[in-house]
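S.K.: For reference, the structure I am asking about is given below.
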Amino acid sequence: FEIVDGALEVKDYAIFERRPSEMFRLFAAAVELDVPIGLRTTDVLMDLADAKGSEIREDPQAARWFLHVLCDERDAATPSRLEQMQDIGLLAALMPEWEPCTGRVQYDMYHVYTVDQHSLYSVALLKALARAEPVDHHPQPVQEMQLIERRLPLYVATLLHDVGKPLGRNHSAKGATVAAAIGWRLGLNEDDVSRVEFLVREHLTMGLISQRRDLDEPGVVARFARLCDDEETLRELYLLTFCDLYCVGPGNLTTWKDDLLREFFRRTLVY
């Protein structure tokens, strides 16, 4: 790789033929150097992403570099490197189950963005929380993000939380199965796959309970606490729920919803 006119270009494109994982390492380098991917290289990647799909999935290094970029909290660019991967077609090449989410419009009164945009914006917000950027307006999720010890499952689950949307009704349960399969293929360990599956399956639960149930009703908090089982899982589900609701569309996470979600989280944490 080399920097040409302030952008990262590739000296010899044959490297992608020899090692498809280099397509993903290129984005890791772009984050590390804080430079964009050059236009010539972008054009080459777009041609290769679809043609090299099977080879990309068979290269374990491709998954490792992808996860590295997914979890790299320095990626504050607009669009993010992850969004650029999506535009080029690399996410669908690595995860064919993701492809039906691309450009998929959500026909309801809430969602403004397509499924893929919404998911990518949710990941970007999670990284912003890690960098403590919205601490003045949303101190609670910023604080909780700092306490997450192993963030990989949370990032994977946030990206894939709506992967079941193209499969019809009950997308959370269907998406959990798909996300688990993707997790295994990406090389996640058993505990991380289980955590991803849980977070995707339950990503609607916390928002629905906080907005539709009386938190003073006996058993509501206790049952949810038992579902989460431990503080780490509770924090992760709270953060995923916050990012999901916030990124549905501008203004969707009203003060009322935010207050209810935060109060539900705090009561469960105390319990």
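We name chains A, B, ... following the order of the structure tokens; residues begin at 1 in each chain, and ligands are numbered from 1 as shown.
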Pick out the residues sitting within 8 Å of stretch 166-169 of chain A, and hand them over as a short mmCIF file (atom, residue, chain, number, x, y, z; two decimals) with N, CA and C atoms, in the first residue's frame; count only C-alpha atoms, and ignore anything fewer than 5 positions along from it in its own chain.
M.R.:
```
data_model
loop_
_atom_site.label_atom_id
_atom_site.label_comp_id
_atom_site.auth_asym_id
_atom_site.auth_seq_id
_atom_site.Cartn_x
_atom_site.Cartn_y
_atom_site.Cartn_z
N PRO A 100 -29.23 -9.33 1.41
CA PRO A 100 -30.64 -8.90 1.28
C PRO A 100 -30.98 -7.65 2.11
N CYS A 101 -30.13 -7.30 3.07
CA CYS A 101 -30.36 -6.09 3.86
C CYS A 101 -29.99 -4.83 3.09
N ARG A 104 -32.59 -2.25 1.56
CA ARG A 104 -33.94 -2.73 1.88
C ARG A 104 -34.71 -1.66 2.65
N LYS A 174 -35.43 -15.12 14.03
CA LYS A 174 -34.81 -15.62 12.80
C LYS A 174 -33.41 -15.03 12.63
#
```
S.K.: Show which residues sit within 10 Å of A:Cys228, as number ranges by chain. Count only C-alpha atoms, and ignore same-chain residues fewer than 3 positions away.
M.R.: A: 198-199, 202, 223-225, 231-237, 268
S.K.: Restricting the output to N, CA and C atoms, write the selected residues as a tab-separated table (two decimals), in the first residue's frame.
M.R.:
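So the final result, stored in selection-v2.tsv, reads:
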```tsv
chain	number	residue	atom	x	y	z
A	198	PHE	N	-27.90	-14.16	21.66
A	198	PHE	CA	-28.81	-13.61	22.67
A	198	PHE	C	-29.16	-12.16	22.37
A	199	LEU	N	-28.16	-11.34	22.10
A	199	LEU	CA	-28.39	-9.91	21.88
A	199	LEU	C	-29.28	-9.66	20.67
A	202	GLU	N	-32.93	-10.74	21.52
A	202	GLU	CA	-33.62	-9.91	22.51
A	202	GLU	C	-33.49	-8.41	22.26
A	223	ARG	N	-38.05	-10.43	36.28
A	223	ARG	CA	-38.04	-11.35	35.15
A	223	ARG	C	-37.01	-10.93	34.11
A	224	PHE	N	-36.90	-9.63	33.87
A	224	PHE	CA	-35.93	-9.17	32.89
A	224	PHE	C	-34.50	-9.38	33.39
A	225	ALA	N	-34.28	-9.18	34.67
A	225	ALA	CA	-32.95	-9.42	35.25
A	225	ALA	C	-32.54	-10.88	35.10
A	231	GLU	N	-24.59	-8.55	34.85
A	231	GLU	CA	-24.51	-7.12	34.57
A	231	GLU	C	-23.94	-6.83	33.19
A	232	GLU	N	-22.95	-7.60	32.75
A	232	GLU	CA	-22.34	-7.37	31.44
A	232	GLU	C	-23.37	-7.52	30.32
A	233	THR	N	-24.17	-8.58	30.40
A	233	THR	CA	-25.19	-8.80	29.38
A	233	THR	C	-26.23	-7.68	29.41
A	234	LEU	N	-26.62	-7.26	30.60
A	234	LEU	CA	-27.57	-6.16	30.74
A	234	LEU	C	-27.03	-4.89	30.10
A	235	ARG	N	-25.77	-4.57	30.37
A	235	ARG	CA	-25.17	-3.36	29.79
A	235	ARG	C	-25.15	-3.44	28.26
A	236	GLU	N	-24.78	-4.59	27.75
A	236	GLU	CA	-24.71	-4.75	26.29
A	236	GLU	C	-26.08	-4.60	25.66
A	237	LEU	N	-27.10	-5.20	26.28
A	237	LEU	CA	-28.44	-5.09	25.72
A	237	LEU	C	-28.95	-3.66	25.80
A	268	THR	N	-32.98	-2.46	36.83
A	268	THR	CA	-32.53	-3.84	36.64
A	268	THR	C	-31.11	-4.01	37.18
```
S.K.: Write out as a PDB file with N, CA and C atoms, in the first residue's frame each polymer residue whose atoms come within 12 Å of A:Ala132, counting only C-alpha atoms; drop sequence neighbours fewer than 2 positions from it.
M.R.:
```
ATOM      1  N   GLU A  73     -12.391   1.520  17.201  1.00  0.00           N
ATOM      2  CA  GLU A  73     -13.175   2.686  17.621  1.00  0.00           C
ATOM      3  C   GLU A  73     -12.570   4.017  17.173  1.00  0.00           C
ATOM      4  N   ARG A  74     -11.422   3.959  16.509  1.00  0.00           N
ATOM      5  CA  ARG A  74     -10.834   5.167  15.934  1.00  0.00           C
ATOM      6  C   ARG A  74     -11.510   5.558  14.625  1.00  0.00           C
ATOM      7  N   LEU A 125     -22.583   4.816  16.006  1.00  0.00           N
ATOM      8  CA  LEU A 125     -22.966   5.444  17.265  1.00  0.00           C
ATOM      9  C   LEU A 125     -22.317   4.727  18.440  1.00  0.00           C
ATOM     10  N   LEU A 126     -22.257   3.414  18.382  1.00  0.00           N
ATOM     11  CA  LEU A 126     -21.613   2.645  19.447  1.00  0.00           C
ATOM     12  C   LEU A 126     -20.149   3.068  19.586  1.00  0.00           C
ATOM     13  N   LYS A 127     -19.476   3.269  18.470  1.00  0.00           N
ATOM     14  CA  LYS A 127     -18.084   3.713  18.512  1.00  0.00           C
ATOM     15  C   LYS A 127     -17.980   5.133  19.058  1.00  0.00           C
ATOM     16  N   ALA A 128     -18.943   5.977  18.729  1.00  0.00           N
ATOM     17  CA  ALA A 128     -18.949   7.339  19.270  1.00  0.00           C
ATOM     18  C   ALA A 128     -19.107   7.303  20.790  1.00  0.00           C
ATOM     19  N   LEU A 129     -19.930   6.377  21.296  1.00  0.00           N
ATOM     20  CA  LEU A 129     -20.070   6.213  22.742  1.00  0.00           C
ATOM     21  C   LEU A 129     -18.738   5.786  23.364  1.00  0.00           C
ATOM     22  N   ALA A 130     -18.027   4.901  22.672  1.00  0.00           N
ATOM     23  CA  ALA A 130     -16.733   4.448  23.179  1.00  0.00           C
ATOM     24  C   ALA A 130     -15.736   5.603  23.246  1.00  0.00           C
ATOM     25  N   PRO A 134     -20.742  11.787  22.784  1.00  0.00           N
ATOM     26  CA  PRO A 134     -22.028  12.368  23.190  1.00  0.00           C
ATOM     27  C   PRO A 134     -22.232  12.423  24.702  1.00  0.00           C
ATOM     28  N   VAL A 135     -21.136  12.552  25.466  1.00  0.00           N
ATOM     29  CA  VAL A 135     -21.232  12.456  26.922  1.00  0.00           C
ATOM     30  C   VAL A 135     -22.106  13.549  27.515  1.00  0.00           C
ATOM     31  N   ASP A 136     -22.149  14.734  26.905  1.00  0.00           N
ATOM     32  CA  ASP A 136     -22.966  15.827  27.448  1.00  0.00           C
ATOM     33  C   ASP A 136     -24.458  15.542  27.321  1.00  0.00           C
ATOM     34  N   HIS A 137     -24.869  14.876  26.251  1.00  0.00           N
ATOM     35  CA  HIS A 137     -26.291  14.616  26.016  1.00  0.00           C
ATOM     36  C   HIS A 137     -26.722  13.222  26.475  1.00  0.00           C
ATOM     37  N   HIS A 138     -25.798  12.271  26.438  1.00  0.00           N
ATOM     38  CA  HIS A 138     -26.143  10.883  26.793  1.00  0.00           C
ATOM     39  C   HIS A 138     -25.061  10.293  27.690  1.00  0.00           C
ATOM     40  N   PRO A 139     -24.921  10.811  28.909  1.00  0.00           N
ATOM     41  CA  PRO A 139     -23.845  10.340  29.801  1.00  0.00           C
ATOM     42  C   PRO A 139     -23.991   8.877  30.221  1.00  0.00           C
ATOM     43  N   GLN A 140     -25.231   8.393  30.380  1.00  0.00           N
ATOM     44  CA  GLN A 140     -25.409   7.017  30.854  1.00  0.00           C
ATOM     45  C   GLN A 140     -24.846   5.990  29.880  1.00  0.00           C
ATOM     46  N   PRO A 141     -25.248   6.004  28.603  1.00  0.00           N
ATOM     47  CA  PRO A 141     -24.666   5.004  27.700  1.00  0.00           C
ATOM     48  C   PRO A 141     -23.163   5.165  27.513  1.00  0.00           C
ATOM     49  N   VAL A 142     -22.653   6.403  27.554  1.00  0.00           N
ATOM     50  CA  VAL A 142     -21.201   6.596  27.479  1.00  0.00           C
ATOM     51  C   VAL A 142     -20.530   5.918  28.660  1.00  0.00           C
ATOM     52  N   GLN A 143     -21.085   6.115  29.836  1.00  0.00           N
ATOM     53  CA  GLN A 143     -20.521   5.512  31.050  1.00  0.00           C
ATOM     54  C   GLN A 143     -20.551   3.997  30.972  1.00  0.00           C
ATOM     55  N   GLU A 144     -21.665   3.441  30.529  1.00  0.00           N
ATOM     56  CA  GLU A 144     -21.786   1.978  30.483  1.00  0.00           C
ATOM     57  C   GLU A 144     -20.872   1.377  29.430  1.00  0.00           C
ATOM     58  N   MET A 145     -20.668   2.085  28.323  1.00  0.00           N
ATOM     59  CA  MET A 145     -19.781   1.572  27.279  1.00  0.00           C
ATOM     60  C   MET A 145     -18.362   1.416  27.794  1.00  0.00           C
ATOM     61  N   GLN A 146     -17.936   2.309  28.653  1.00  0.00           N
ATOM     62  CA  GLN A 146     -16.577   2.219  29.194  1.00  0.00           C
ATOM     63  C   GLN A 146     -16.409   0.982  30.076  1.00  0.00           C
TER      64      GLN A 146
END
```
S.K.: For A:Val193, please output as a list of chain:residue names all residues within 7 Å (counting only C-alpha atoms; exclusion window: fewer than 4 positions along the same chain).
M.R.: A:Ala180, A:Gly183, A:Trp184, A:Leu188, A:Asn189, A:Glu197
S.K.: Keeping N, CA and C atoms for every residue in the selection just given, could you write it to a file as a PDB file, in the first residue's frame?
M.R.:
```
ATOM      1  N   ALA A 180     -25.828 -16.164  14.557  1.00  0.00           N
ATOM      2  CA  ALA A 180     -24.990 -17.196  15.160  1.00  0.00           C
ATOM      3  C   ALA A 180     -24.192 -17.935  14.090  1.00  0.00           C
ATOM      4  N   GLY A 183     -21.456 -15.734  12.999  1.00  0.00           N
ATOM      5  CA  GLY A 183     -20.447 -15.667  14.044  1.00  0.00           C
ATOM      6  C   GLY A 183     -19.497 -16.852  14.007  1.00  0.00           C
ATOM      7  N   TRP A 184     -20.047 -18.044  13.845  1.00  0.00           N
ATOM      8  CA  TRP A 184     -19.188 -19.231  13.747  1.00  0.00           C
ATOM      9  C   TRP A 184     -18.269 -19.119  12.547  1.00  0.00           C
ATOM     10  N   LEU A 188     -15.661 -16.661  15.692  1.00  0.00           N
ATOM     11  CA  LEU A 188     -15.918 -16.309  17.085  1.00  0.00           C
ATOM     12  C   LEU A 188     -15.933 -17.576  17.932  1.00  0.00           C
ATOM     13  N   ASN A 189     -15.563 -17.436  19.199  1.00  0.00           N
ATOM     14  CA  ASN A 189     -15.600 -18.602  20.078  1.00  0.00           C
ATOM     15  C   ASN A 189     -17.032 -18.861  20.549  1.00  0.00           C
ATOM     16  N   GLU A 197     -25.939 -14.239  19.646  1.00  0.00           N
ATOM     17  CA  GLU A 197     -27.262 -14.821  19.409  1.00  0.00           C
ATOM     18  C   GLU A 197     -28.287 -14.253  20.386  1.00  0.00           C
TER      19      GLU A 197
END
```
S.K.: Write out as a CSV table (one decimal) with N, CA, C and O atoms, in the first residue's frame each polymer residue whose atoms come within 10 Å of A:Phe16, counting only C-alpha atoms; drop sequence neighbours fewer than 3 positions from it.
M.R.:
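Here's the written file around.csv:
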```csv
chain,number,residue,atom,x,y,z
A,10,VAL,N,-3.1,1.0,-3.9
A,10,VAL,CA,-2.4,-0.3,-3.9
A,10,VAL,C,-1.4,-0.3,-5.0
A,10,VAL,O,-1.7,0.0,-6.1
A,12,ASP,N,0.3,-3.0,-6.3
A,12,ASP,CA,0.1,-4.1,-7.2
A,12,ASP,C,-1.2,-4.8,-6.8
A,12,ASP,O,-1.3,-5.5,-5.8
A,13,TYR,N,-2.2,-4.7,-7.7
A,13,TYR,CA,-3.5,-5.2,-7.5
A,13,TYR,C,-3.5,-6.7,-7.5
A,13,TYR,O,-4.5,-7.3,-7.0
A,19,ARG,N,-4.1,-13.0,-2.2
A,19,ARG,CA,-4.6,-13.0,-0.8
A,19,ARG,C,-5.8,-12.1,-0.7
A,19,ARG,O,-5.7,-10.9,-0.5
A,20,PRO,N,-7.0,-12.6,-0.9
A,20,PRO,CA,-8.2,-11.8,-0.8
A,20,PRO,C,-8.4,-11.0,0.5
A,20,PRO,O,-9.0,-10.0,0.5
A,21,SER,N,-7.8,-11.5,1.6
A,21,SER,CA,-7.9,-10.9,2.9
A,21,SER,C,-7.2,-9.5,2.9
A,21,SER,O,-7.5,-8.6,3.7
A,22,GLU,N,-6.4,-9.2,1.9
A,22,GLU,CA,-5.7,-7.9,1.8
A,22,GLU,C,-6.7,-6.8,1.5
A,22,GLU,O,-6.4,-5.7,1.8
A,23,MET,N,-7.9,-7.2,0.9
A,23,MET,CA,-8.9,-6.2,0.7
A,23,MET,C,-9.4,-5.6,2.1
A,23,MET,O,-9.6,-4.4,2.2
A,24,PHE,N,-9.4,-6.4,3.1
A,24,PHE,CA,-9.9,-6.0,4.4
A,24,PHE,C,-8.7,-5.4,5.2
A,24,PHE,O,-9.0,-4.4,5.9
A,44,VAL,N,-11.2,-1.0,-8.3
A,44,VAL,CA,-10.8,-2.3,-8.4
A,44,VAL,C,-11.5,-3.2,-7.4
A,44,VAL,O,-11.9,-4.3,-7.7
A,45,LEU,N,-11.6,-2.7,-6.2
A,45,LEU,CA,-12.3,-3.5,-5.1
A,45,LEU,C,-13.7,-3.8,-5.5
A,45,LEU,O,-14.2,-4.9,-5.2
A,48,LEU,N,-13.8,-6.7,-7.8
A,48,LEU,CA,-13.3,-8.0,-7.2
A,48,LEU,C,-14.3,-8.5,-6.1
A,48,LEU,O,-14.3,-9.7,-5.9
A,52,LYS,N,-14.8,-12.5,-6.1
A,52,LYS,CA,-13.9,-13.2,-5.2
A,52,LYS,C,-14.7,-13.6,-3.9
A,52,LYS,O,-14.0,-14.0,-2.9
A,56,ILE,N,-13.0,-15.1,-0.6
A,56,ILE,CA,-12.9,-14.2,0.6
A,56,ILE,C,-13.4,-15.0,1.8
A,56,ILE,O,-12.8,-15.0,2.9
```
S.K.: What lies within 9 Å of A:Phe265 using only C-alpha atoms, ignoring chain neighbours under 5 positions off, as an MDAnalysis selection string?
M.R.: chainID A and resid 206 210 234:235 238 260 270
S.K.: For A:Asp50, which residue among A:Thr158, A:Gln211, A:Gln106, A:Gln86 is the nearest when counting only C-alpha atoms?
M.R.: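 Looking at the shortest contact to A:Asp50, the residue is A:Gln86.
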S.K.: Taking into account only C-alpha atoms, which residue in the set A:Tyr121, A:Tyr113, A:Ala63, A:Val105 is nearest to A:Ala93?
M.R.: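 For A:Ala93, the nearest of the candidates is A:Ala63.
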S.K.: Could you tell me how far atom CA of A:Phe27 sits from atom CA of A:Leu82, in Å to one decimal place?
M.R.: 8.3 Å
S.K.: If you count only C-alpha atoms, which residues fall within 12 Å of A:Ala7, apart from same-chain ones fewer than 3 positions away, as a PyMOL selection string?
M.R.: chain A and resi 1-4+10+26-27+29-31+33-42
S.K.: Just checking: using only C-alpha atoms, which residue out of A:Arg25, A:Arg185, A:His111, A:Lys11 ends up closest to A:Pro96?
M.R.: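 Ranked by minimum distance to A:Pro96, first place goes to A:Arg185.
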S.K.: Pick out the closest residue to A:Val112 from this set: A:Gln84, A:Thr241, A:Asn252, A:Ser172. Count only C-alpha atoms.
M.R.: A:Asn252
S.K.: What is the atom CA of A:Glu9-atom CA of A:Leu159 distance in Å, reported with one decimal?
M.R.: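 Answer for the atom CA of A:Glu9 to atom CA of A:Leu159 separation: 27.2 Å.
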S.K.: Using only C-alpha atoms, which of the listed residues (A:Ile88, A:Phe242, A:Pro79, A:Val156) sits closest to A:Gln117?
M.R.: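 Of A:Ile88, A:Phe242, A:Pro79, A:Val156, the one nearest A:Gln117, counting only C-alpha atoms, is A:Pro79.
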